[in-house]
Every structure is written in structure tokens, then in C-alpha cells.
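Taking it in order: structure first as C-alpha cells, then the write-up.
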Amino acid sequence: MSRLIRRYTARERNNHWIVAIAFVLAALSGLALFHPAFFFLTNLFGGGPWTRILHPFIGVVMFLFFIAMAVRFWRFNHITAADRQWMRRIKDVLCNRDENLPELGKYNAGQKLLFWTMVVSIPLLLLTGIVIWQPWFAPYFPIWLLRATVVIHALAAWIMILGIIVHVYAAIWVKGTVRAMTRGTVTEAWAKHHHRAWYREMTGK
Amino acid sequence: MALQSLDITARSATTTPPPGVRSTLQVAKLIDISKCIGCKACQTACMEWNDLRDEVGPNIGVYDNPIDLTDQSWTVMRFSEVEVEQGRLEWLIRKDGCMHCADPGCLKACPSPGAIVQYANGIVDFHEEHCIGCGYCITGCPFNIPRISKKDNKAYKCTLCSDRVAVGMEPACVKTCPTGAIVFGSKEDMIHHAEGRIEDLKERGYAHAALYDPPGVGGTHVMYVLQHGDQPGLYAGLPKDPQISPMVSLWKGVTKPLMNLGIGLAVFAGFFHYVTAGPKEVPHDDDEEEVQS
């Protein structure tokens with residue numbers, strides 16, 4: 001067994017999982033209202049009207065906790081020259097040829113891009129969601145705005161869902177990753193292999 | 001009204017054909033604005049038949065009363081004072097309400113299966129028991145007709161008295177109209193009737209008299225005879241070429257299947273990437289500083 005390095009505190013983990021749970025609920029209820037193929041998902045929320053009632057509140061919870069999380073992780077997500085190099089070698093990343101990849105800090109470019117995707121899409125979802133929120137806010141906006149807003153809301157949600165699919169897959173694909181968010185620690189070997197600059201910073205080696 | 005369940009041609013949020021083997025006569029209501037005297041008997045008949053009692057609101061100094069459509073007022077008279085020619089004032093009174101589009105934007109936008117249906121006879125009806133109160137029908141409608149009730153958060157609008165029509169009666173507004181400005185029958189007959197009225201109006205100097213049956217929404221099952229058919233906007237902003245907004249078409253058209261496809265592909269791409277490239281594991285030689293624990 002390799003030694004362990006702390007990657008996330010308990011607060012950070014809880015924050016992440018509140019956002020994650022809210023996302024799953026918002027995505028399921030949102031998809032239910034988006035396409036007839038998913039309308040059956042309204043049953044998970046107590047029927048059509050309940051889905052319509054709950055969805056925006058779930059979204060607000062997701063937004064608030066995401067903001068807290070974004071503030072915590074903002075400084076680790078600036079794109080660097082190493083990130084650009086990593087992105088140019090995305091083929092090596094996907095084919096598991098990790099020896100060709102540059103040294104990375106706490107996050108790789110994929111994680112950072114996901115972060116910025118969320119930073120853009122979640123506030124956009126909140127703003128557009130407020131405009132179409134029945135019965136509280138929608139009646140105060142002109143119909144032409146509602147028409148544009150529903151499309152933007154759907155697009156932003158779609159981009160976010162795709163981003164999260166990649167995020168979840170990456171966590172499953174890169175072995176030893178999930179424990180960072182469930183137990184807060186990763187092995188030294190994991191850190192050294194995937195995030196060497198962060199490993200050096202954490203261990204002084 | 002779910003009585004005509006076998007006569008449905010379109011059903012909201014439904015991707016397979018609804019029961020539609022029976023075909024019935026296409027109906028239409030024709031409103032001849034040149035004959036309307038603005039007595040509001042149709043508003044009253046609508047309230048009576050449909051058991052609606054709107055709140056008594058304030059009068060803001062115009063004849064329009066109530067001032068707008070509501071969940072309780074499915075039809076309202078809209079009064080416009082216009083000077084089409086210099087020095088010749090005209091009072092145009094349009095009975096506003098659902099137009100029962102052949103291509104209904106409300107039905108297209110509705111996410112709840114069966115909350116909006118279109119009967120084979122052309123009537124577009126809301127089934128409030130399936131309505132979830134999302135307001136999408138409002139974004140879909142090119143005529144700004146559906147209203148959501150503050151009491152139950154369900155959308156309401158004119159049913160064209162689908163319950164009466166189902167048993168061979170004309171809508172309540174038609175029945176009550178004292179001047180014969182509102183007539184009801186097969187769509188074909190109504191178009192024919194309108195042609196006679198338009199000819200008459202043209203003889204009386206209304207050179208641009210025309211039937212309002214806008215093709216942008218596939219035609220409507222409520223049609224107007226307009227004295228000034230070239231300027232429908234004079235009639236309290238009746239749209240000249242109403243269409244389902246391109247935003248709504250985009251949202252409810254290509255976007256839905258493409259987005260589903262994208263989500264599905266992303267999931268499958270992950271799965272097949274995993275079985276092709278395999279998991280990304282920390283190689284053993286990286287573990288030089290292994291600690292015995």
C-alpha cells in the first residue's frame with residue numbers, strides 16, 4: 001500500500017456531493033419536462049405538477065452549493081501552458097499513454113474545462129430558469145423572452161449533462177480517483193502519476 | 001373533454017400516432033367583424049355555458065371589459081378606434097380567443113402527454129387534468145391566448161365548446177350572437193360563406209376585405225372576415241402572418257432528438273472507450289516508494 005495524501009476535506013466532499021445529488025435530481029426532472037421519452041421520470045417526483053414545482057427549487061440548491069464549491073476550487077483551475085500541452089496530447093491521454101504527458105498540478109486540463117463549463121452553465125441555468133419559473137416569475141417576462149430562454153435553458157442543461165457524463169466516466173476510468181471524493185484521500189502513487197506537480201507541492205518531494 | 005377519444009389527430013408530448021381511424025368533418029367558426037356590434041353577448045354566453053365567473057375588475061376607461069383574456073374569460077371583445085382613411089373613424093371590434101390552429105403551437109410546446117389534444121374536427125382542447133402548469137403552451141401560442149389559473153396552476157382557453165360540438169350543437173357564442181356575426185359549420189362551408197360576405201363588403205367599398213385563415217399556422221378553425229384584410233394589425237394587433245416562433249420550433253423540433261442522441265452517444269462512447277482502451281491505472285513502476293504497512 002502506498003501512503004495516502006489528503007485531496008479533499010470533509011467539507012469539500014459534502015459540498016461536492018450536495019451539488020452532485022441536486023444535479024441528478026435536477027437533470028432527471030428536467031429531462032422529464034424536456035422530451036416525452038423521459039416524461040415517465042415525473043413519477044420519481046410525485047407526478048407532472050410536482051416535477052414542475054420541485055425542479056426549480058432543486059436547481060437553486062444546486063446553484064448555491066455550486067457557488068460555494070466554485071469559490072473553493074477557483075484558484076486551482078487557471079489554464080496553464082502545461083494544460084495546453086496536455087490538451088494537444090489528448091490522444092495519448094485517451095489511449096493511456098501517460099508517459100508522454102506533461103507534469104500537472106492539482107487538476108488536468110479536462111477537469112479544468114469541466115470546472116469552467118460548470119461556472120458558465122450553472123449560473124446561466126439559474127438566470128434562464130428564473131425567467132421561465134411558473135408561477136412565480138414567468139408571468140412578469142415578455143413571451144418573446146420566454147421563447148428564447150427555454151431554448152437557452154435546454155442548451156445549457158444539455159452541455160452540463162454532457163460535461164457531467166464525461167466527469168463521471170473519467171472518475172470511473174482513472175482508477176483510484178473516486179476515493180478522493182468519497183474518503184478524501186488518494187494514494188501517493190496516484191498523485192505522483194497523474195498530478196506530479198501537486199504531489200511535489202503536497203509532499204515536498 | 002375526453003369524450004371524443006377516438007377522434008384525436010394530435011396529442012401533446014406523444015411521438016406515436018394517437019387513435020385516429022375515425023375521420024370527422026372539419027369544423028370552423030367564422031367571425032364577421034363587419035357585423036359585430038360589440039354587445040359582448042358572446043362573452044356572457046361563454047361564461048354561462050362553461051360555468052365561468054371572472055372577478056369583477058376595474059374599468060380603465062375603455063369598452064374592453066375584462067381588459068384581457070384570463071383563466072375565467074376565454075373570449076373578450078377588443079375595441080380598436082382606427083382612422084384607416086383621413087377623417088373616417090372606424091370602430092373595429094374583434095372577438096379575441098383561441099384560433100384553433102391546424103398546426104397548434106401550444107400542442108407542440110406542451111411537455112405533458114395528452115394535456116393538449118387536437119380532435120379530428122380541428123378543435124384544439126386542453127385537458128386540464130394532465131396539465132402540469134409549466135406555461136410552455138404560452139410560449140408556443142402565436143396569438144397569446146392560454147392563461148394559467150392562479151387558483152390551480154392549470155392552463156385554460158376557449159374549447160370551441162368541444163362538448164357542445166361533440167353532440168351536434170354550435171358553440172355557445174355562436175348560439176347567442178344577435179347579429180349573426182358569428183357562424184359555425186364545416187370549415188368548407190364557412191370559407192364559402194365568407195366569400196359571399198367578402199364580395200358584399202367589396203361592393204360596399206372595402207376593397208381589401210378578406211378572410212383571415214392564416215396559412216403560417218396551417219389555417220385556423222376560428223376565422224375572421226376582416227374589412228381591412230390587408231391590415232390585420234388594425235384589429236387590436238391581430239398578427240399578419242402568425243407562425244410558431246422559430247425558437248419554439250428549434251426547441252421542440254431538431255433540438256429534442258439531437259440532444260437525446262448526444263447524451264446517449266456520450267454514455268456509449270464512455271462505455272466503449274472503457275472496453276477498448278481499458279482503465280487508466282497507476283503503473284507499478286511508479287510505486288517505487290512503496291511502504292510496507
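Identifiers for the C-alpha cells are assigned positionally: chains receive A, B, ... in sequence, residues are indexed from 1 per chain, and ligands are indexed from 1 in the order shown.
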
Write down as a PyMOL selection string the residues belonging to region 104-289 of chain B that are assigned alpha helix (DSSP H) by DSSP computed on the backbone. chain B and resi 105-109+136-140+162-166+172-176+187-203+246-252+255-277

Using only C-alpha atoms, I'd like a table of the residues in chain A that come within 6 Å of chain B; for each, show the closest atom pair and its distance in Å rounded to one decimal, ordered by chain and ascending number, as JSON lines.
{"residue": "A:Ser2", "atom": "CA", "partner": "B:Glu290", "partner_atom": "CA", "distance": 5.3}
{"residue": "A:Leu33", "atom": "CA", "partner": "B:Pro111", "partner_atom": "CA", "distance": 5.5}
{"residue": "A:Pro36", "atom": "CA", "partner": "B:Ala13", "partner_atom": "CA", "distance": 5.1}
{"residue": "A:Gly48", "atom": "CA", "partner": "B:Ile132", "partner_atom": "CA", "distance": 5.3}
{"residue": "A:Pro49", "atom": "CA", "partner": "B:Ile132", "partner_atom": "CA", "distance": 4.2}
{"residue": "A:Cys95", "atom": "CA", "partner": "B:Ala277", "partner_atom": "CA", "distance": 5.7}
{"residue": "A:Asn96", "atom": "CA", "partner": "B:Lys280", "partner_atom": "CA", "distance": 5.9}
{"residue": "A:Gln134", "atom": "CA", "partner": "B:Cys134", "partner_atom": "CA", "distance": 5.9}
{"residue": "A:Ile143", "atom": "CA", "partner": "B:Thr139", "partner_atom": "CA", "distance": 5.9}
{"residue": "A:Arg147", "atom": "CA", "partner": "B:Thr139", "partner_atom": "CA", "distance": 5.4}
{"residue": "A:Ala148", "atom": "CA", "partner": "B:Met247", "partner_atom": "CA", "distance": 6.0}
{"residue": "A:Val151", "atom": "CA", "partner": "B:Trp251", "partner_atom": "CA", "distance": 5.5}
{"residue": "A:Trp173", "atom": "CA", "partner": "B:Pro279", "partner_atom": "CA", "distance": 4.8}
{"residue": "A:Val174", "atom": "CA", "partner": "B:Lys280", "partner_atom": "CA", "distance": 4.6}
{"residue": "A:Lys175", "atom": "CA", "partner": "B:Glu281", "partner_atom": "CA", "distance": 5.3}
{"residue": "A:Ala189", "atom": "CA", "partner": "B:Asp287", "partner_atom": "CA", "distance": 5.5}
{"residue": "A:Trp190", "atom": "CA", "partner": "B:Val282", "partner_atom": "CA", "distance": 6.0}

Residue neighbourhood region 194-204 of chain B, 10 Å, only C-alpha atoms, exclusion window fewer than 4 positions, as JSON, numbers by chain: {"B": [30, 31, 32, 34, 35, 183, 188, 189, 190, 208, 209, 210, 211, 212, 223, 224, 225, 226, 227, 228, 229]}

May I have all residues of region 45-255 of chain B that DSSP, computed from the backbone, assigns to strand (DSSP E), given as a ChimeraX atom specification? /B:76-85,88-96,116-119,124-126,147-148,155-156,182-186,210-212,222-226

Put those residues in a file: C-alpha atoms, as a tab-separated table (two decimals), in the first residue's frame.
chain	number	residue	atom	x	y	z
B	76	VAL	CA	-63.03	39.07	-24.94
B	77	MET	CA	-64.10	41.82	-27.28
B	78	ARG	CA	-61.20	44.02	-28.31
B	79	PHE	CA	-62.22	47.51	-29.38
B	80	SER	CA	-59.98	49.48	-31.74
B	81	GLU	CA	-60.63	53.03	-32.90
B	82	VAL	CA	-58.81	53.49	-36.17
B	83	GLU	CA	-58.65	56.03	-38.93
B	84	VAL	CA	-57.93	53.95	-41.99
B	85	GLU	CA	-58.66	56.91	-44.21
B	88	ARG	CA	-63.08	58.50	-41.38
B	89	LEU	CA	-63.12	56.93	-37.96
B	90	GLU	CA	-63.85	53.26	-37.74
B	91	TRP	CA	-64.60	51.20	-34.69
B	92	LEU	CA	-63.26	47.72	-35.20
B	93	ILE	CA	-64.40	45.15	-32.68
B	94	ARG	CA	-62.66	41.81	-32.67
B	95	LYS	CA	-63.79	38.86	-30.61
B	96	ASP	CA	-60.47	37.50	-29.35
B	116	ILE	CA	-53.38	19.25	-25.21
B	117	VAL	CA	-55.17	17.38	-27.95
B	118	GLN	CA	-56.42	18.21	-31.40
B	119	TYR	CA	-59.63	16.50	-32.43
B	124	VAL	CA	-57.67	22.15	-30.07
B	125	ASP	CA	-58.55	21.32	-26.49
B	126	PHE	CA	-56.73	21.46	-23.17
B	147	ARG	CA	-53.84	31.74	-19.42
B	148	ILE	CA	-52.67	29.93	-16.30
B	155	ALA	CA	-53.82	26.48	-18.39
B	156	TYR	CA	-57.23	27.45	-19.77
B	182	ILE	CA	-70.53	34.52	-35.54
B	183	VAL	CA	-71.45	31.47	-37.57
B	184	PHE	CA	-70.41	27.87	-37.25
B	185	GLY	CA	-70.28	24.90	-39.58
B	186	SER	CA	-67.92	22.84	-41.65
B	210	ALA	CA	-60.53	39.33	-46.85
B	211	LEU	CA	-60.81	36.09	-44.95
B	212	TYR	CA	-58.34	35.63	-42.12
B	222	VAL	CA	-61.68	30.19	-35.98
B	223	MET	CA	-61.61	32.58	-38.90
B	224	TYR	CA	-62.37	36.26	-39.31
B	225	VAL	CA	-63.89	38.28	-42.09
B	226	LEU	CA	-61.85	41.48	-42.00

Might you pull out every residue within 7 Å of Leu4 (chain A), with only C-alpha atoms counted and same-chain residues fewer than 6 positions away left off, and present them as a JSON list (two decimals) with N, CA and C atoms, in the first residue's frame?
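Result file is selection-v7.json:
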[["chain", "number", "residue", "atom", "x", "y", "z"],
["A", 185, "THR", "N", -8.95, 11.04, 0.36],
["A", 185, "THR", "CA", -7.52, 10.80, 0.14],
["A", 185, "THR", "C", -7.28, 10.05, -1.16],
["A", 186, "VAL", "N", -6.06, 10.23, -1.67],
["A", 186, "VAL", "CA", -5.61, 9.44, -2.81],
["A", 186, "VAL", "C", -4.26, 8.83, -2.43],
["A", 187, "THR", "N", -3.84, 7.81, -3.16],
["A", 187, "THR", "CA", -2.54, 7.22, -2.85],
["A", 187, "THR", "C", -1.44, 8.14, -3.39],
["A", 188, "GLU", "N", -0.29, 8.05, -2.81],
["A", 188, "GLU", "CA", 0.85, 8.84, -3.29],
["A", 188, "GLU", "C", 1.16, 8.46, -4.74]]

Selection near region 160-173 of chain B, 10 Å with only C-alpha atoms, sequence-local residues under 4 positions removed, as a count of residues only: 38

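Computed from the coordinates, the CA of Asp54 (chain B) to CA of Ile67 (chain B) distance equals 11.5 Å.
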
Can you work out which one of B:Gly233, B:Gly180, B:Pro146, B:Pro239 has the shortest atom-to-atom distance to Ser73 (chain B), counting only C-alpha atoms? B:Pro146
